[in-house]
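Below is one structure; the comments refer to it alone.
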Amino acid sequence: MHTVTSRDGTRIAYWRSGAGPPLLLVHGMVADHSTTWRLVLPALEQHFTVYAMDRRGRGGSGDGPAHALQREAEDVAAVVDSIGRSVNVLGHSHGGLCALEGALLTTNLRRLVVYEGVALRGTDVFSRGAADRLQAMLAAGDVEGMLVAFLHEEAHVPREEIDLLRSQADAWAVRLRNAPTVPHEVRATERYRFDPERFRRMRTPTLLLVGEVSPPLELENARTVAEVLPEARVVVLPGQRHLAMYTAPEMFVRELVRLLEA
């Protein structure tokens, strides 16, 4: 484990493995570095020096007094700058939004890949009152019920894919430990508004990944953001939803390598 200190003094942990050009992995909600990438990491290590970070509030990373998306963007930029050379960054889901915002804070990005992480208005991402409902389930002690409800009702993960996640007992245990972070991250997302003017001068080549059978809003948001960024395009993953790294790991790695080595 390696650590870097983010702008507000929070310690951010990351793990380095593999060989090749640097690739930073930024996981989404309820995950950490050991869960989201577990099926694709060995293959990625054959092509890249992989830096898999723990977002603040989980795993080896510390946390600040209050959650804010801007602090998470600073965390991503801090890890990128600590690597010290041109870095590819892949962010999944909420981690993709953190990575997109982090791209504005560093000049050391080579390419940015965001897998279903863009949001134009955070209030469109989750149902009304979602954070309060999820927090109430936590307060009642129903941690697993809250996690399943979040994945199925708010992240639109089908039941069969949730069953796939649950079948990996150690990774599911990590998600249960991270479940208390969900309500405040939902609230942070709800406060988010994509401001096109902040991104019009961003020159980092950006690839916006979307599952072919994901909710239509994902593709709509990706296309809208791609129109704003000077060097961006949308890439659709055939037959996939939000978790291609689990449901089609070989295809996911193949597409990612092709996109980053082009």
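Here, A, B, ... name the chains of the structure tokens in the order displayed, residue numbers run from 1 inside each chain, and ligands are numbered from 1 in the same displayed order.
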Report task. Write out as a count of residues only the residues lying within 6 Å of stretch 113-121 of chain A, counting only C-alpha atoms and excluding same-chain residues fewer than 2 positions away. Result -> 16
Query - Spatial neighbours of A:Ser34, 10 Å, only C-alpha atoms, chain gap at least 3 places, as a list in words - result: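 Here the qualifying residues turn out to be Trp15, His27, Ala31, Trp37, Arg38, Leu39, Leu41, Ala52, Met53, Asp54, Gly59, Asp170, Ala171 and Val174 of chain A.
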Write out as a CSV table (one decimal) with all heavy atoms, in the first residue's frame which residues come within 12 Å of A:Ala149 when counting only C-alpha atoms, dropping same-chain ones fewer than 2 positions away.
```csv
chain,number,residue,atom,x,y,z
A,126,PHE,N,-30.9,9.8,-8.9
A,126,PHE,CA,-31.6,9.0,-7.9
A,126,PHE,C,-33.0,9.5,-7.7
A,126,PHE,O,-33.4,10.6,-8.0
A,126,PHE,CB,-30.8,9.1,-6.5
A,126,PHE,CG,-29.4,8.7,-6.6
A,126,PHE,CD1,-28.4,9.6,-6.4
A,126,PHE,CD2,-29.1,7.4,-7.0
A,126,PHE,CE1,-27.1,9.2,-6.5
A,126,PHE,CE2,-27.7,7.0,-7.1
A,126,PHE,CZ,-26.7,7.9,-6.8
A,127,SER,N,-33.9,8.6,-7.2
A,127,SER,CA,-35.3,8.9,-6.9
A,127,SER,C,-35.4,9.9,-5.8
A,127,SER,O,-34.5,10.0,-4.9
A,127,SER,CB,-36.1,7.6,-6.6
A,127,SER,OG,-35.6,7.0,-5.4
A,130,ALA,N,-34.3,9.5,-1.9
A,130,ALA,CA,-33.5,8.3,-1.8
A,130,ALA,C,-32.5,8.3,-0.6
A,130,ALA,O,-32.5,7.3,0.1
A,130,ALA,CB,-32.7,8.1,-3.1
A,131,ALA,N,-31.8,9.4,-0.4
A,131,ALA,CA,-30.8,9.4,0.7
A,131,ALA,C,-31.5,9.2,2.0
A,131,ALA,O,-31.0,8.5,2.9
A,131,ALA,CB,-30.1,10.7,0.6
A,133,ARG,N,-34.4,7.6,2.7
A,133,ARG,CA,-34.9,6.3,2.8
A,133,ARG,C,-33.7,5.3,3.1
A,133,ARG,O,-33.9,4.4,4.0
A,133,ARG,CB,-35.6,5.8,1.5
A,133,ARG,CG,-36.9,6.5,1.3
A,133,ARG,CD,-37.7,5.8,0.2
A,133,ARG,NE,-37.0,5.7,-1.1
A,133,ARG,CZ,-37.0,6.7,-2.0
A,133,ARG,NH1,-37.8,7.8,-1.7
A,133,ARG,NH2,-36.4,6.6,-3.1
A,134,LEU,N,-32.6,5.5,2.4
A,134,LEU,CA,-31.5,4.6,2.6
A,134,LEU,C,-30.9,4.8,4.0
A,134,LEU,O,-30.5,3.9,4.7
A,134,LEU,CB,-30.4,4.9,1.6
A,134,LEU,CG,-30.8,4.5,0.1
A,134,LEU,CD1,-29.8,5.1,-0.8
A,134,LEU,CD2,-31.0,3.0,0.0
A,135,GLN,N,-30.9,6.1,4.5
A,135,GLN,CA,-30.3,6.3,5.8
A,135,GLN,C,-31.3,5.7,6.9
A,135,GLN,O,-30.8,5.2,7.9
A,135,GLN,CB,-30.3,7.9,6.0
A,135,GLN,CG,-29.6,8.3,7.4
A,135,GLN,CD,-28.2,7.9,7.4
A,135,GLN,OE1,-27.4,8.3,6.6
A,135,GLN,NE2,-27.8,7.0,8.4
A,137,MET,N,-33.0,3.0,6.6
A,137,MET,CA,-32.8,1.6,6.6
A,137,MET,C,-31.5,1.3,7.4
A,137,MET,O,-31.4,0.3,8.2
A,137,MET,CB,-32.7,1.0,5.2
A,137,MET,CG,-34.0,1.1,4.4
A,137,MET,SD,-33.8,0.5,2.7
A,137,MET,CE,-33.8,-1.3,3.0
A,138,LEU,N,-30.5,2.1,7.2
A,138,LEU,CA,-29.3,1.9,8.0
A,138,LEU,C,-29.5,2.1,9.5
A,138,LEU,O,-29.0,1.3,10.3
A,138,LEU,CB,-28.2,2.9,7.6
A,138,LEU,CG,-27.4,2.6,6.3
A,138,LEU,CD1,-26.5,3.8,6.0
A,138,LEU,CD2,-26.6,1.3,6.4
A,142,ASP,N,-30.8,-2.5,9.0
A,142,ASP,CA,-31.0,-3.3,7.8
A,142,ASP,C,-29.9,-2.9,6.8
A,142,ASP,O,-30.2,-2.4,5.7
A,142,ASP,CB,-32.4,-3.1,7.3
A,142,ASP,CG,-32.7,-4.1,6.1
A,142,ASP,OD1,-31.8,-5.1,5.9
A,142,ASP,OD2,-33.7,-4.0,5.5
A,143,VAL,N,-28.7,-3.2,7.1
A,143,VAL,CA,-27.6,-2.8,6.2
A,143,VAL,C,-27.6,-3.5,4.9
A,143,VAL,O,-27.5,-2.9,3.8
A,143,VAL,CB,-26.2,-3.1,6.9
A,143,VAL,CG1,-25.1,-2.7,6.0
A,143,VAL,CG2,-26.1,-2.3,8.2
A,144,GLU,N,-27.8,-4.8,4.9
A,144,GLU,CA,-27.9,-5.6,3.6
A,144,GLU,C,-29.1,-5.2,2.8
A,144,GLU,O,-29.0,-5.0,1.6
A,144,GLU,CB,-27.8,-7.1,3.8
A,144,GLU,CG,-27.7,-7.9,2.6
A,144,GLU,CD,-27.2,-9.3,2.8
A,144,GLU,OE1,-27.2,-9.8,3.9
A,144,GLU,OE2,-26.7,-9.9,1.8
A,145,GLY,N,-30.2,-5.0,3.5
A,145,GLY,CA,-31.4,-4.6,2.7
A,145,GLY,C,-31.2,-3.2,2.1
A,145,GLY,O,-31.7,-3.0,1.0
A,146,MET,N,-30.5,-2.3,2.8
A,146,MET,CA,-30.2,-1.0,2.2
A,146,MET,C,-29.3,-1.1,1.0
A,146,MET,O,-29.6,-0.5,0.0
A,146,MET,CB,-29.6,-0.1,3.3
A,146,MET,CG,-29.4,1.4,2.9
A,146,MET,SD,-28.1,1.7,1.7
A,146,MET,CE,-26.6,1.3,2.7
A,147,LEU,N,-28.3,-2.0,1.1
A,147,LEU,CA,-27.4,-2.1,0.0
A,147,LEU,C,-28.1,-2.7,-1.2
A,147,LEU,O,-27.9,-2.2,-2.3
A,147,LEU,CB,-26.2,-3.0,0.4
A,147,LEU,CG,-25.2,-3.3,-0.6
A,147,LEU,CD1,-24.6,-2.1,-1.2
A,147,LEU,CD2,-24.1,-4.2,0.0
A,151,LEU,N,-28.6,-0.7,-4.8
A,151,LEU,CA,-28.1,-1.3,-6.1
A,151,LEU,C,-29.3,-1.5,-7.1
A,151,LEU,O,-29.2,-1.1,-8.3
A,151,LEU,CB,-27.4,-2.6,-5.9
A,151,LEU,CG,-26.1,-2.5,-5.1
A,151,LEU,CD1,-25.6,-3.9,-4.8
A,151,LEU,CD2,-25.0,-1.8,-6.0
A,152,HIS,N,-30.4,-2.0,-6.6
A,152,HIS,CA,-31.5,-2.4,-7.5
A,152,HIS,C,-32.3,-1.2,-7.9
A,152,HIS,O,-32.6,-1.0,-9.1
A,152,HIS,CB,-32.3,-3.5,-6.9
A,152,HIS,CG,-33.4,-4.0,-7.8
A,152,HIS,ND1,-33.1,-4.5,-9.1
A,152,HIS,CD2,-34.8,-4.0,-7.7
A,152,HIS,CE1,-34.3,-4.9,-9.7
A,152,HIS,NE2,-35.3,-4.5,-8.9
A,153,GLU,N,-32.7,-0.4,-6.9
A,153,GLU,CA,-33.7,0.7,-7.1
A,153,GLU,C,-33.0,2.0,-7.6
A,153,GLU,O,-33.7,2.8,-8.3
A,153,GLU,CB,-34.5,0.9,-5.8
A,153,GLU,CG,-35.3,-0.3,-5.4
A,153,GLU,CD,-35.9,-0.1,-4.0
A,153,GLU,OE1,-35.9,1.0,-3.5
A,153,GLU,OE2,-36.4,-1.1,-3.5
A,154,GLU,N,-31.8,2.2,-7.1
A,154,GLU,CA,-31.2,3.5,-7.5
A,154,GLU,C,-30.1,3.4,-8.5
A,154,GLU,O,-30.0,4.2,-9.4
A,154,GLU,CB,-30.6,4.2,-6.2
A,154,GLU,CG,-31.6,4.4,-5.1
A,154,GLU,CD,-32.8,5.2,-5.5
A,154,GLU,OE1,-32.6,6.1,-6.4
A,154,GLU,OE2,-33.9,5.1,-4.9
A,155,ALA,N,-29.3,2.3,-8.4
A,155,ALA,CA,-28.2,2.1,-9.5
A,155,ALA,C,-28.7,1.3,-10.6
A,155,ALA,O,-28.0,1.0,-11.6
A,155,ALA,CB,-27.0,1.4,-8.8
A,156,HIS,N,-30.0,0.7,-10.5
A,156,HIS,CA,-30.6,0.0,-11.6
A,156,HIS,C,-29.9,-1.3,-12.0
A,156,HIS,O,-29.8,-1.6,-13.2
A,156,HIS,CB,-30.8,0.9,-12.8
A,156,HIS,CG,-31.5,2.2,-12.5
A,156,HIS,ND1,-32.9,2.2,-12.1
A,156,HIS,CD2,-31.1,3.5,-12.5
A,156,HIS,CE1,-33.2,3.5,-11.9
A,156,HIS,NE2,-32.1,4.2,-12.1
A,157,VAL,N,-29.2,-1.9,-11.0
A,157,VAL,CA,-28.5,-3.2,-11.2
A,157,VAL,C,-29.6,-4.3,-11.2
A,157,VAL,O,-30.3,-4.4,-10.2
A,157,VAL,CB,-27.5,-3.4,-10.2
A,157,VAL,CG1,-26.8,-4.7,-10.4
A,157,VAL,CG2,-26.4,-2.3,-10.2
A,158,PRO,N,-29.7,-5.1,-12.2
A,158,PRO,CA,-30.7,-6.2,-12.2
A,158,PRO,C,-30.4,-7.2,-11.1
A,158,PRO,O,-29.3,-7.3,-10.6
A,158,PRO,CB,-30.5,-6.9,-13.6
A,158,PRO,CG,-29.8,-5.8,-14.4
A,158,PRO,CD,-28.9,-5.1,-13.5
A,159,ARG,N,-31.4,-7.9,-10.7
A,159,ARG,CA,-31.3,-8.9,-9.6
A,159,ARG,C,-30.3,-9.9,-9.9
A,159,ARG,O,-29.5,-10.3,-9.0
A,159,ARG,CB,-32.7,-9.5,-9.3
A,159,ARG,CG,-33.8,-8.6,-8.8
A,159,ARG,CD,-33.5,-8.3,-7.3
A,159,ARG,NE,-34.6,-7.5,-6.8
A,159,ARG,CZ,-34.6,-7.0,-5.5
A,159,ARG,NH1,-33.6,-7.3,-4.7
A,159,ARG,NH2,-35.6,-6.3,-5.1
A,162,ILE,N,-26.9,-8.5,-9.1
A,162,ILE,CA,-26.7,-8.4,-7.6
A,162,ILE,C,-26.4,-9.8,-7.1
A,162,ILE,O,-25.5,-9.9,-6.2
A,162,ILE,CB,-28.0,-7.8,-7.0
A,162,ILE,CG1,-28.2,-6.4,-7.4
A,162,ILE,CG2,-27.9,-7.9,-5.4
A,162,ILE,CD1,-29.5,-5.8,-6.9
A,179,ALA,N,-21.3,0.3,3.2
A,179,ALA,CA,-22.7,0.7,3.0
A,179,ALA,C,-23.0,2.1,3.7
A,179,ALA,O,-23.8,2.9,3.2
A,179,ALA,CB,-23.7,-0.4,3.5
A,182,VAL,N,-23.1,5.4,1.7
A,182,VAL,CA,-24.0,5.6,0.5
A,182,VAL,C,-24.9,6.8,0.7
A,182,VAL,O,-24.9,7.6,-0.2
A,182,VAL,CB,-24.9,4.3,0.3
A,182,VAL,CG1,-26.0,4.6,-0.7
A,182,VAL,CG2,-24.0,3.2,-0.2
```
Query raised in the report: Any idea what's packed within 8 Å of A:Ala77, counting only C-alpha atoms, ignoring anything in its chain fewer than 4 positions away? Could you give it as a ChimeraX atom specification?
Result: /A:73,81,102-103,105-106
Atoms to include: N, CA and C atoms. Write the selected residues as a JSON list (two decimals), in the first residue's frame.
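Once everything was written out, this is selection-v5.json:
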```json
[["chain", "number", "residue", "atom", "x", "y", "z"],
["A", 73, "ALA", "N", -12.55, 14.93, -5.98],
["A", 73, "ALA", "CA", -11.84, 15.32, -7.19],
["A", 73, "ALA", "C", -10.39, 15.65, -6.86],
["A", 81, "ASP", "N", -1.00, 13.20, -9.67],
["A", 81, "ASP", "CA", 0.23, 14.00, -9.62],
["A", 81, "ASP", "C", 1.34, 13.28, -8.88],
["A", 102, "GLY", "N", -11.85, 15.70, -11.26],
["A", 102, "GLY", "CA", -10.43, 15.73, -10.97],
["A", 102, "GLY", "C", -9.59, 16.10, -12.17],
["A", 103, "ALA", "N", -10.09, 15.82, -13.37],
["A", 103, "ALA", "CA", -9.34, 16.14, -14.59],
["A", 103, "ALA", "C", -9.11, 17.64, -14.74],
["A", 105, "LEU", "N", -8.16, 19.51, -12.36],
["A", 105, "LEU", "CA", -7.24, 19.92, -11.31],
["A", 105, "LEU", "C", -5.81, 19.44, -11.55],
["A", 106, "THR", "N", -5.54, 18.78, -12.66],
["A", 106, "THR", "CA", -4.19, 18.26, -12.94],
["A", 106, "THR", "C", -3.89, 18.37, -14.43]]
```
Query raised in the report: Which residue out of A:Gly28, A:Pro22, A:Pro42, A:Gly129 has the minimum interatomic distance to A:Arg56 when only C-alpha atoms are used?
Result: A:Gly28
Query raised in the report: Hey, which of A:Leu24, A:Ala244, A:Leu229, A:Ala43 ends up closest to A:Thr204? Count only C-alpha atoms.
Result: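 Using only C-alpha atoms, the shortest distance to A:Thr204 belongs to A:Leu229.
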